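Trainee: Take this structure, written in structure tokens, and hold onto it; I'll ask about it next.
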There are 2 protein chains.
Amino acid sequence: MDLKQWIRDVPNFPVEGVIFRDITPLLQDPKAFRYALDELEKYCRTKEIDVIVAIEARGYILAAPLADRLGVGFVPARKPGKLPWDRIREEYQLEYGMAALEMHADAIKPGQKVLIVDDVIATGGTLSATKRLVERLGGQVVGFACLVELTFLNGRRTLEGYDFFSLIQY
Amino acid sequence: MDLKQWIRDVPNFPVEGVIFRDITPLLQDPKAFRYALDELEKYCRTKEIDVIVAIEARGYILAAPLADRLGVGFVPARKPGKLPWDRIREEYQLEYGMAALEMHADAIKPGQKVLIVDDVIATGGTLSATKRLVERLGGQVVGFACLVELTFLNGRRTLEGYDFFSLIQY
């Protein structure tokens, strides 16, 4: 199944010169959505996983069904100011300026095996920041899974030494 | 299973005087998360559903596994500026000021049966705005499902004439 059929290329979004890979047509189509989850699940099944950590917001759409299918816990990494309890924060570079992600300090128990999930890997900044959050809490990152990889941005390089899987490459 | 065991009450978040019902401990526990999804799925199975519309961001965590389980499409209602394609917008009142949600103009086909899902219903503003988005696109709202209902805010009243289900009430 060629999932690129269900990905819409939107030129000049969010900024001039960028082609945005819009996954909403894929999510909207039950067959394509399920097929994508099946393939991501196959990757997950090659790992021992206790917890899936998902990156706000589109990462949740893939990570939550995977956690359900695998019967493992779900932990959200959130944008600053959203989590109500004791939390830790990691910053990362955007094209212009900085951004940050937060996780509850009790979200991961030391030694837990963690898979990190997002919809798209671009430069790898958000995935790397999430990895640092997990490791600060004593979690062991066993891999990363993304639906779409923008290979020309070489984000995978920032995750060197870790296992990384993407289903669709541009 | 008393799911309130897995909901953390955080006083004075996000503002003084409010008790925030934090669902992250529930999501983190595979048994509690699955049980909550099982119960929400039971409600969904009483309806004929073509599409689940989910509200950003925590709504995605419940709605995506439900769409997966039911084999129906998933459509995100998003905060302004996130969706890249032709979109429609509805505003709604917050305690102070206004907020808005957007949906892609091609997200729903006329006549499709739509269930709207969010994590928490408070005043009902976001659910009502999402209902208006769906109906402007010709969708038929067959119901609303939330994990947590803050009954003292009476948000259910704003959805009068529609079917509404919540799993946990405060």
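Labeling convention for the structure tokens: chains A, B, ... as they appear, residues from 1 per chain, ligands from 1 in order of appearance.
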Using only C-alpha atoms and a distance of at most 6 Å, pull out the residues of chain B that contact chain A, as an MDAnalysis selection string.
Mentor: chainID B and resid 27:30 57 60:61 64:65 71:75
Trainee: Run DSSP on the backbone of this structure and report the residues of chain A it assigns to helix (DSSP H, G or I), as a ChimeraX atom specification.
Mentor: /A:3-6,24-28,30-44,58-70,125-136,151-153,155-159
Trainee: Fewer than 5 positions away in the same chain doesn't count, so skip those; otherwise give me all residues within 8 Å of region 89-93 of chain A, counting only C-alpha atoms, as a list in words.
Mentor: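 What passes the distance filter is Pro80, Met98, Ala99, Ala100, Leu101, Glu102, Met103, Gly125, Thr126, Ala129, Thr130, Arg132 and Leu133 of chain A.
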Trainee: Rounded to one decimal, what separation in Å do you get between CA of Gln112 (chain A) and CA of Thr46 (chain A)?
Mentor: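 Between CA of Gln112 (chain A) and CA of Thr46 (chain A) the gap works out to 16.4 Å.
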Trainee: Interatomic distance between CA of Ala36 (chain B) and CA of Val117 (chain B)?
Mentor: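 So the two atoms, CA of Ala36 (chain B) and CA of Val117 (chain B), lie 13.2 Å apart.
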Trainee: Give me the residues near Gly111 (chain A) as a list in words, where near means some atom within 12 Å (using only C-alpha atoms) and where sequence neighbours in that chain fewer than 3 positions away do not count.
Mentor: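 Near Gly111 (chain A), the qualifying residues are Ile49, Asp50, Val51, Ile108, Val114, Val134, Glu135, Arg136, Leu137, Gly138, Gly139, Gln140, Val141 and Val142 of chain A.
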Trainee: Could you work out how far CA of Gly97 (chain A) lies from CA of Asp118 (chain A), giving the answer in Å with one decimal?
Mentor: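 A separation of 21.3 Å between them.
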Trainee: From a backbone DSSP assignment, name each residue in chain A labelled strand (DSSP E or B), as number ranges by chain.
Mentor: A: 8-11, 19-22, 51-55, 73-78, 87-93, 98-104, 113-121, 140-149, 164-169
